[in-house]
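To start, the structure itself, in structure tokens.
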Amino acid sequence: MKYCKSCLTTNLRPNSSFKDGICIACHYSDSQAISSSSLKLKILQEKIKSSRQKQRNKGAYDCIVGVSGGKDSTRQAHWVRDRLGLRPLLICCAYPPKQMTEVGANNLSNLIKMGFDMITATPAPKSAAKLALESFKLFGNVCKSTEMSLFSTVPRLAIELGVNTIFWGENPALQVGDAAVEGFDEFDGNNLRKLNTLTAGGTEWINSALKHDYLVEHYLYPEEILFDKKDINIFYLGPAWDDWSNDDNSTYAALEGLTLRPGEENITGDLSNASMLDEEFTNINMMLKYYKFGFGRATDTVNEKIRSQHITREQGIEIVERYDGVCDDSIIQSYSKYVDITETEFWNIANKWVNKNIFTIKKGQRPIRKFTVGTDYGC
Ligand SMILES: [Zn+2]
């Protein structure tokens, strides 16, 4: 396992790409320092204008913003309406009731109270629970099906409604270093379909788990040919936005009435108290990611702060040592209950996905780390 020399990304991250020992997110962040965000805003506005000219339905909405009950949604919705001067329709793929948190539901209500129109689509609860278990067994990922439905619902409804301009917040290629989704330029989100979570493992497993096509459709990302036919364009807002970061977004959103989850970092492992507000199980995934690839959510949070020079790499290492992989037993119990397995069964499945080169496994227990954060291991 090799670390980026500048941040704490490892080469085990799916679709990672290193040049001269530095990851693509760090390379991008360096090039950012010399480019102007107002110029970028102009470029983005030109792109939006040309995209909107091709819109079929010239009705009530100019564009679609994909939202959840989280911090980025609140900020994006406001930015699109107030800064870009557009009339957005918000589309939300909500969690089934047993998965969604009270905080998440309140935050969605808060967006509606702010005067936005919103369409929510929720998967059939039994199918959702079944796929949450299948995802875990087949891919060591308790959220794969949930993520597939989140990413697919927005373009699927955009195509149906005839509104062709879609906004997402962050560009995963630039923010976390997923090279597969790199587009024509930093705003181009049309390669979002290549995101690891959408492509790995195909979709056949969903068909066999659910049987009926009408249940399956909710999880399938629309084909490229449909994007072309309907002139669908996805744009990332992050690059045109000089203070787009997890910290800035949560501060802004909290001021606009978003409910955060302070003081829970020893339970959820979430240092921002602001990510994954709308459901709990993503915390398990962050833990599993750590066991599979040697880095978790604390690493992603810390990397952003290292790149913006808020902390040093050494300070980052201390934080990551403490918080990567944290996920309280209570969350694991609640997931196990949701998908109807015991906790022992949970750990038996989880342990199959642990990278044994960097962790030691003990039956029925949490894996133990062999490596030191920030130092190349086994190479
Ligand atoms: Zn890096």
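Chain labels run A, B, ... following the order of the structure tokens; each chain numbers its residues from 1, and ligands are numbered from 1 in the order shown.
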Got a sec to check which residues lie within 12 Å of ligand 1, using only C-alpha atoms and all ligand atoms, and send them as an mmCIF file with C-alpha atoms, in the first residue's frame?
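Once written, selection00.cif looks like this:
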data_model
loop_
_atom_site.group_PDB
_atom_site.id
_atom_site.type_symbol
_atom_site.label_atom_id
_atom_site.label_comp_id
_atom_site.auth_asym_id
_atom_site.auth_seq_id
_atom_site.Cartn_x
_atom_site.Cartn_y
_atom_site.Cartn_z
ATOM 1 C CA LYS A 2 1.448 3.367 -1.083
ATOM 2 C CA TYR A 3 0.431 6.821 0.157
ATOM 3 C CA CYS A 4 0.242 10.045 -1.829
ATOM 4 C CA LYS A 5 3.279 12.112 -0.760
ATOM 5 C CA SER A 6 1.168 15.183 -0.295
ATOM 6 C CA CYS A 7 -2.051 13.884 1.356
ATOM 7 C CA LEU A 8 -3.146 10.532 2.862
ATOM 8 C CA THR A 9 -4.824 8.936 -0.165
ATOM 9 C CA THR A 10 -3.626 5.395 -0.820
ATOM 10 C CA ASN A 11 -3.122 3.612 -4.124
ATOM 11 C CA ARG A 13 -8.523 3.530 -3.666
ATOM 12 C CA SER A 16 -6.912 6.028 -8.069
ATOM 13 C CA SER A 17 -4.279 7.650 -10.245
ATOM 14 C CA PHE A 18 -0.840 8.858 -9.101
ATOM 15 C CA LYS A 19 1.706 10.986 -10.985
ATOM 16 C CA ASP A 20 5.177 11.425 -9.457
ATOM 17 C CA GLY A 21 3.851 9.982 -6.183
ATOM 18 C CA ILE A 22 1.052 12.577 -5.984
ATOM 19 C CA CYS A 23 -2.680 11.754 -6.385
ATOM 20 C CA ILE A 24 -4.881 13.478 -9.003
ATOM 21 C CA ALA A 25 -6.873 15.383 -6.379
ATOM 22 C CA CYS A 26 -3.662 16.999 -5.046
ATOM 23 C CA HIS A 27 -2.476 17.799 -8.583
ATOM 24 C CA TYR A 28 -5.816 19.429 -9.285
ATOM 25 C CA SER A 29 -5.802 21.394 -6.051
ATOM 26 C CA ASP A 30 -2.365 22.849 -6.962
ATOM 27 C CA LEU A 174 -11.311 16.126 -8.385
ATOM 28 C CA GLN A 175 -12.554 15.889 -4.840
ATOM 29 C CA VAL A 176 -11.577 12.347 -3.976
ATOM 30 C CA GLY A 177 -9.519 11.227 -6.972
ATOM 31 C CA ASP A 178 -11.828 8.808 -8.854
ATOM 32 C CA THR A 299 -8.922 10.251 5.549
ATOM 33 C CA ASP A 300 -11.212 11.922 3.007
ATOM 34 C CA VAL A 302 -8.428 15.221 6.409
ATOM 35 C CA ASN A 303 -7.201 15.180 2.791
ATOM 36 C CA GLU A 304 -9.459 18.090 1.960
ATOM 37 C CA LYS A 305 -8.023 20.054 4.891
ATOM 38 C CA ILE A 306 -4.434 19.200 3.952
ATOM 39 C CA ARG A 307 -5.034 20.419 0.373
ATOM 40 C CA SER A 308 -6.552 23.668 1.594
ATOM 41 C CA ARG A 313 -0.002 15.998 6.729
ATOM 42 C CA GLY A 374 0.926 7.776 6.272
#
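All residues within segment 107-291 of chain A that the backbone DSSP calculation assigns to strand (DSSP E) are Asp117, Met118, Ile119, Thr120, Ala121, Thr165, Ile166, Phe167, Trp168, Asn233, Ile234, Phe235 and Tyr236 of chain A.
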Include all heavy atoms and write out the residues we just selected as a compact mmCIF listing (two decimals), in the first residue's frame.
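File written: again.txt
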# COMPACT_ATOMS: atom_id res chain seq x y z
N ASP A 117 -39.56 23.62 -4.95
CA ASP A 117 -40.41 22.49 -5.34
C ASP A 117 -39.55 21.23 -5.34
O ASP A 117 -38.41 21.26 -5.79
CB ASP A 117 -40.97 22.70 -6.75
CG ASP A 117 -42.02 23.80 -6.76
OD1 ASP A 117 -42.43 24.24 -5.66
OD2 ASP A 117 -42.42 24.22 -7.86
N MET A 118 -40.13 20.13 -4.87
CA MET A 118 -39.34 18.91 -4.77
C MET A 118 -40.17 17.69 -5.16
O MET A 118 -41.34 17.60 -4.80
CB MET A 118 -38.86 18.74 -3.32
CG MET A 118 -37.92 17.57 -3.14
SD MET A 118 -37.60 17.20 -1.40
CE MET A 118 -36.77 18.67 -0.88
N ILE A 119 -39.54 16.79 -5.90
CA ILE A 119 -40.15 15.49 -6.15
C ILE A 119 -39.30 14.46 -5.42
O ILE A 119 -38.08 14.47 -5.55
CB ILE A 119 -40.17 15.14 -7.66
CG1 ILE A 119 -41.09 16.10 -8.41
CG2 ILE A 119 -40.58 13.69 -7.88
CD1 ILE A 119 -41.17 15.82 -9.90
N THR A 120 -39.94 13.60 -4.63
CA THR A 120 -39.17 12.53 -3.99
C THR A 120 -39.63 11.18 -4.53
O THR A 120 -40.82 10.98 -4.79
CB THR A 120 -39.31 12.51 -2.45
OG1 THR A 120 -40.68 12.31 -2.14
CG2 THR A 120 -38.83 13.78 -1.81
N ALA A 121 -38.67 10.30 -4.73
CA ALA A 121 -38.97 8.93 -5.15
C ALA A 121 -38.36 8.01 -4.11
O ALA A 121 -37.20 8.19 -3.74
CB ALA A 121 -38.36 8.67 -6.51
N THR A 165 -31.04 19.95 -17.91
CA THR A 165 -29.83 20.43 -17.24
C THR A 165 -29.85 20.00 -15.77
O THR A 165 -30.76 20.36 -15.03
CB THR A 165 -29.73 21.96 -17.36
OG1 THR A 165 -29.83 22.30 -18.73
CG2 THR A 165 -28.43 22.48 -16.78
N ILE A 166 -28.86 19.21 -15.40
CA ILE A 166 -28.82 18.64 -14.04
C ILE A 166 -27.56 19.13 -13.33
O ILE A 166 -26.49 19.19 -13.92
CB ILE A 166 -28.74 17.09 -14.12
CG1 ILE A 166 -29.97 16.53 -14.83
CG2 ILE A 166 -28.59 16.48 -12.73
CD1 ILE A 166 -29.88 15.03 -15.09
N PHE A 167 -27.72 19.46 -12.05
CA PHE A 167 -26.54 19.87 -11.27
C PHE A 167 -26.24 18.89 -10.15
O PHE A 167 -27.13 18.47 -9.42
CB PHE A 167 -26.76 21.25 -10.64
CG PHE A 167 -26.85 22.35 -11.66
CD1 PHE A 167 -28.05 23.00 -11.89
CD2 PHE A 167 -25.75 22.70 -12.41
CE1 PHE A 167 -28.14 24.00 -12.85
CE2 PHE A 167 -25.82 23.70 -13.36
CZ PHE A 167 -27.02 24.36 -13.57
N TRP A 168 -24.95 18.58 -10.05
CA TRP A 168 -24.44 17.88 -8.88
C TRP A 168 -23.42 18.81 -8.24
O TRP A 168 -22.90 19.72 -8.88
CB TRP A 168 -23.74 16.57 -9.24
CG TRP A 168 -24.65 15.44 -9.54
CD1 TRP A 168 -24.85 14.88 -10.77
CD2 TRP A 168 -25.49 14.70 -8.64
NE1 TRP A 168 -25.76 13.84 -10.68
CE2 TRP A 168 -26.16 13.71 -9.39
CE3 TRP A 168 -25.73 14.77 -7.27
CZ2 TRP A 168 -27.05 12.80 -8.82
CZ3 TRP A 168 -26.63 13.87 -6.70
CH2 TRP A 168 -27.28 12.90 -7.48
N ASN A 233 -27.55 17.03 -19.82
CA ASN A 233 -26.21 17.44 -19.41
C ASN A 233 -26.13 17.52 -17.90
O ASN A 233 -26.96 18.16 -17.26
CB ASN A 233 -25.88 18.83 -19.96
CG ASN A 233 -25.57 18.76 -21.44
OD1 ASN A 233 -24.66 18.04 -21.85
ND2 ASN A 233 -26.33 19.50 -22.23
N ILE A 234 -25.10 16.89 -17.35
CA ILE A 234 -24.87 16.99 -15.91
C ILE A 234 -23.66 17.89 -15.69
O ILE A 234 -22.62 17.73 -16.34
CB ILE A 234 -24.58 15.61 -15.29
CG1 ILE A 234 -25.77 14.68 -15.51
CG2 ILE A 234 -24.26 15.73 -13.81
CD1 ILE A 234 -25.60 13.28 -14.92
N PHE A 235 -23.83 18.87 -14.82
CA PHE A 235 -22.71 19.78 -14.49
C PHE A 235 -22.38 19.70 -13.00
O PHE A 235 -23.28 19.65 -12.17
CB PHE A 235 -23.08 21.23 -14.82
CG PHE A 235 -23.34 21.48 -16.28
CD1 PHE A 235 -24.64 21.69 -16.74
CD2 PHE A 235 -22.29 21.49 -17.19
CE1 PHE A 235 -24.89 21.92 -18.09
CE2 PHE A 235 -22.54 21.71 -18.54
CZ PHE A 235 -23.84 21.93 -18.99
N TYR A 236 -21.08 19.77 -12.69
CA TYR A 236 -20.66 19.90 -11.30
C TYR A 236 -20.55 21.39 -10.98
O TYR A 236 -19.99 22.15 -11.77
CB TYR A 236 -19.29 19.27 -11.07
CG TYR A 236 -19.25 17.79 -11.36
CD1 TYR A 236 -18.46 17.29 -12.39
CD2 TYR A 236 -20.00 16.90 -10.60
CE1 TYR A 236 -18.41 15.93 -12.66
CE2 TYR A 236 -19.95 15.54 -10.86
CZ TYR A 236 -19.15 15.06 -11.89
OH TYR A 236 -19.10 13.72 -12.15
Close residues, segment 52-55 of chain A itself excluded, 8 Å, only C-alpha atoms, min 3 positions apart in chain, as a PyMOL selection string: chain A and resi 48-49+58+62+162-165+231
Skip segment 217-222 of chain A itself and residues of its chain fewer than 6 positions away, then list as a PyMOL selection string all residues within 7 Å of it, counting only C-alpha atoms. chain A and resi 123+145+148-149+152-153+155-156
Output of the above residues as a compact mmCIF listing (two decimals), in the first residue's frame, restricted to all heavy atoms:
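File selection-v6.txt, as written:
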# COMPACT_ATOMS: atom_id res chain seq x y z
N PRO A 123 -37.64 3.94 -2.92
CA PRO A 123 -37.72 2.54 -3.36
C PRO A 123 -38.71 1.74 -2.52
O PRO A 123 -38.96 2.09 -1.36
CB PRO A 123 -36.29 2.03 -3.16
CG PRO A 123 -35.70 2.91 -2.12
CD PRO A 123 -36.36 4.24 -2.27
N SER A 145 -26.65 -0.65 -3.47
CA SER A 145 -27.94 -0.50 -4.14
C SER A 145 -28.54 0.88 -3.85
O SER A 145 -29.15 1.50 -4.72
CB SER A 145 -28.89 -1.60 -3.70
OG SER A 145 -28.93 -1.69 -2.29
N MET A 148 -26.83 3.32 -6.04
CA MET A 148 -27.30 3.16 -7.43
C MET A 148 -28.62 3.87 -7.62
O MET A 148 -28.84 4.54 -8.63
CB MET A 148 -27.42 1.66 -7.78
CG MET A 148 -26.07 0.98 -7.91
SD MET A 148 -26.22 -0.79 -8.16
CE MET A 148 -26.45 -0.86 -9.93
N SER A 149 -29.52 3.73 -6.63
CA SER A 149 -30.82 4.39 -6.78
C SER A 149 -30.69 5.90 -6.65
O SER A 149 -31.33 6.65 -7.37
CB SER A 149 -31.85 3.82 -5.80
OG SER A 149 -31.46 4.08 -4.48
N SER A 152 -29.22 7.19 -9.98
CA SER A 152 -30.04 6.92 -11.16
C SER A 152 -31.35 7.70 -11.19
O SER A 152 -31.84 8.06 -12.26
CB SER A 152 -30.35 5.43 -11.23
OG SER A 152 -29.17 4.68 -11.16
N THR A 153 -31.92 7.94 -10.02
CA THR A 153 -33.24 8.57 -9.97
C THR A 153 -33.24 9.95 -10.62
O THR A 153 -34.18 10.30 -11.34
CB THR A 153 -33.70 8.70 -8.49
OG1 THR A 153 -33.82 7.39 -7.96
CG2 THR A 153 -35.03 9.40 -8.38
N PRO A 155 -31.25 11.48 -13.14
CA PRO A 155 -31.35 11.52 -14.61
C PRO A 155 -32.60 10.82 -15.15
O PRO A 155 -33.16 11.25 -16.17
CB PRO A 155 -30.07 10.81 -15.08
CG PRO A 155 -29.55 10.07 -13.92
CD PRO A 155 -30.03 10.79 -12.70
N ARG A 156 -33.05 9.78 -14.45
CA ARG A 156 -34.24 9.06 -14.93
C ARG A 156 -35.44 10.01 -14.94
O ARG A 156 -36.18 10.09 -15.93
CB ARG A 156 -34.52 7.86 -14.01
CG ARG A 156 -35.34 6.77 -14.62
CD ARG A 156 -35.16 5.45 -13.86
NE ARG A 156 -35.13 5.59 -12.44
CZ ARG A 156 -36.24 5.72 -11.68
NH1 ARG A 156 -37.43 5.71 -12.22
NH2 ARG A 156 -36.12 5.84 -10.38
Can you list, as a list in words, every protein, DNA or RNA residue that comes within 8 Å of segment 35-41 of chain A when you count only C-alpha atoms, leaving out same-chain residues fewer than 4 positions away?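 So, after excluding close chain neighbours, the residues are Ser31, Gln45, Pro239, Ala240, Trp241 and Asp242 of chain A.
Put simply, atom CA of Lys337 of chain A is 28.3 Å away from atom CA of Thr199 of chain A.
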Residue neighbourhood segment 68-74 of chain A, 9 Å, only C-alpha atoms, exclusion window fewer than 2 positions, as number ranges by chain: A: 65-66, 76-79, 91-94, 103-111, 150, 169-170, 246, 249-254, 256, 258-260, 274-279
Just the alpha helix (DSSP H) stuff from segment 192-278 of chain A, please, per backbone DSSP, written as number ranges by chain. A: 196-199, 204-210, 213-216, 224-229, 246-255, 265-268
Please list as an MDAnalysis selection string every residue within 9 Å of Trp353 of chain A, counting only C-alpha atoms and excluding residues in the same chain fewer than 5 positions away. chainID A and resid 139:140 288 291:292
Store the residues picked out above in a file with all heavy atoms, as a JSON list (two decimals), in the first residue's frame.
[["chain", "number", "residue", "atom", "x", "y", "z"],
["A", 139, "PHE", "N", -20.69, -7.63, -2.53],
["A", 139, "PHE", "CA", -19.69, -6.59, -2.79],
["A", 139, "PHE", "C", -19.04, -6.04, -1.52],
["A", 139, "PHE", "O", -18.21, -5.14, -1.61],
["A", 139, "PHE", "CB", -20.31, -5.44, -3.58],
["A", 139, "PHE", "CG", -21.00, -5.87, -4.84],
["A", 139, "PHE", "CD1", -22.38, -6.00, -4.90],
["A", 139, "PHE", "CD2", -20.24, -6.17, -5.97],
["A", 139, "PHE", "CE1", -23.00, -6.42, -6.06],
["A", 139, "PHE", "CE2", -20.85, -6.58, -7.14],
["A", 139, "PHE", "CZ", -22.24, -6.72, -7.19],
["A", 140, "GLY", "N", -19.44, -6.53, -0.37],
["A", 140, "GLY", "CA", -18.89, -5.98, 0.88],
["A", 140, "GLY", "C", -19.23, -4.52, 1.03],
["A", 140, "GLY", "O", -18.45, -3.72, 1.54],
["A", 288, "LEU", "N", -16.30, -0.29, 6.38],
["A", 288, "LEU", "CA", -15.92, -1.39, 5.48],
["A", 288, "LEU", "C", -14.88, -0.92, 4.46],
["A", 288, "LEU", "O", -13.96, -1.66, 4.13],
["A", 288, "LEU", "CB", -17.15, -1.93, 4.76],
["A", 288, "LEU", "CG", -18.18, -2.67, 5.63],
["A", 288, "LEU", "CD1", -19.46, -2.94, 4.84],
["A", 288, "LEU", "CD2", -17.62, -3.98, 6.17],
["A", 291, "TYR", "N", -11.56, -1.13, 5.97],
["A", 291, "TYR", "CA", -11.02, -2.48, 6.04],
["A", 291, "TYR", "C", -10.60, -3.01, 4.67],
["A", 291, "TYR", "O", -9.74, -3.85, 4.54],
["A", 291, "TYR", "CB", -12.04, -3.44, 6.68],
["A", 291, "TYR", "CG", -12.29, -3.15, 8.15],
["A", 291, "TYR", "CD1", -13.58, -3.22, 8.68],
["A", 291, "TYR", "CD2", -11.24, -2.83, 9.01],
["A", 291, "TYR", "CE1", -13.81, -2.96, 10.03],
["A", 291, "TYR", "CE2", -11.46, -2.58, 10.35],
["A", 291, "TYR", "CZ", -12.75, -2.64, 10.86],
["A", 291, "TYR", "OH", -12.96, -2.39, 12.18],
["A", 292, "LYS", "N", -11.26, -2.52, 3.62],
["A", 292, "LYS", "CA", -10.93, -3.00, 2.28],
["A", 292, "LYS", "C", -9.72, -2.30, 1.69],
["A", 292, "LYS", "O", -8.89, -2.89, 1.04],
["A", 292, "LYS", "CB", -12.11, -2.77, 1.33],
["A", 292, "LYS", "CG", -13.27, -3.73, 1.54],
["A", 292, "LYS", "CD", -14.19, -3.71, 0.34],
["A", 292, "LYS", "CE", -15.39, -2.86, 0.61],
["A", 292, "LYS", "NZ", -16.37, -2.90, -0.47]]
So the first atom is atom CA of Cys63 of chain A and the second is atom CA of Asp188 of chain A; what is the distance between them in Å, to one decimal place?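 Answer for the atom CA of Cys63 of chain A to atom CA of Asp188 of chain A separation: 15.4 Å.
Coordinates place atom CA of Ile267 of chain A at a distance of 4.8 Å from atom CA of Asp328 of chain A.
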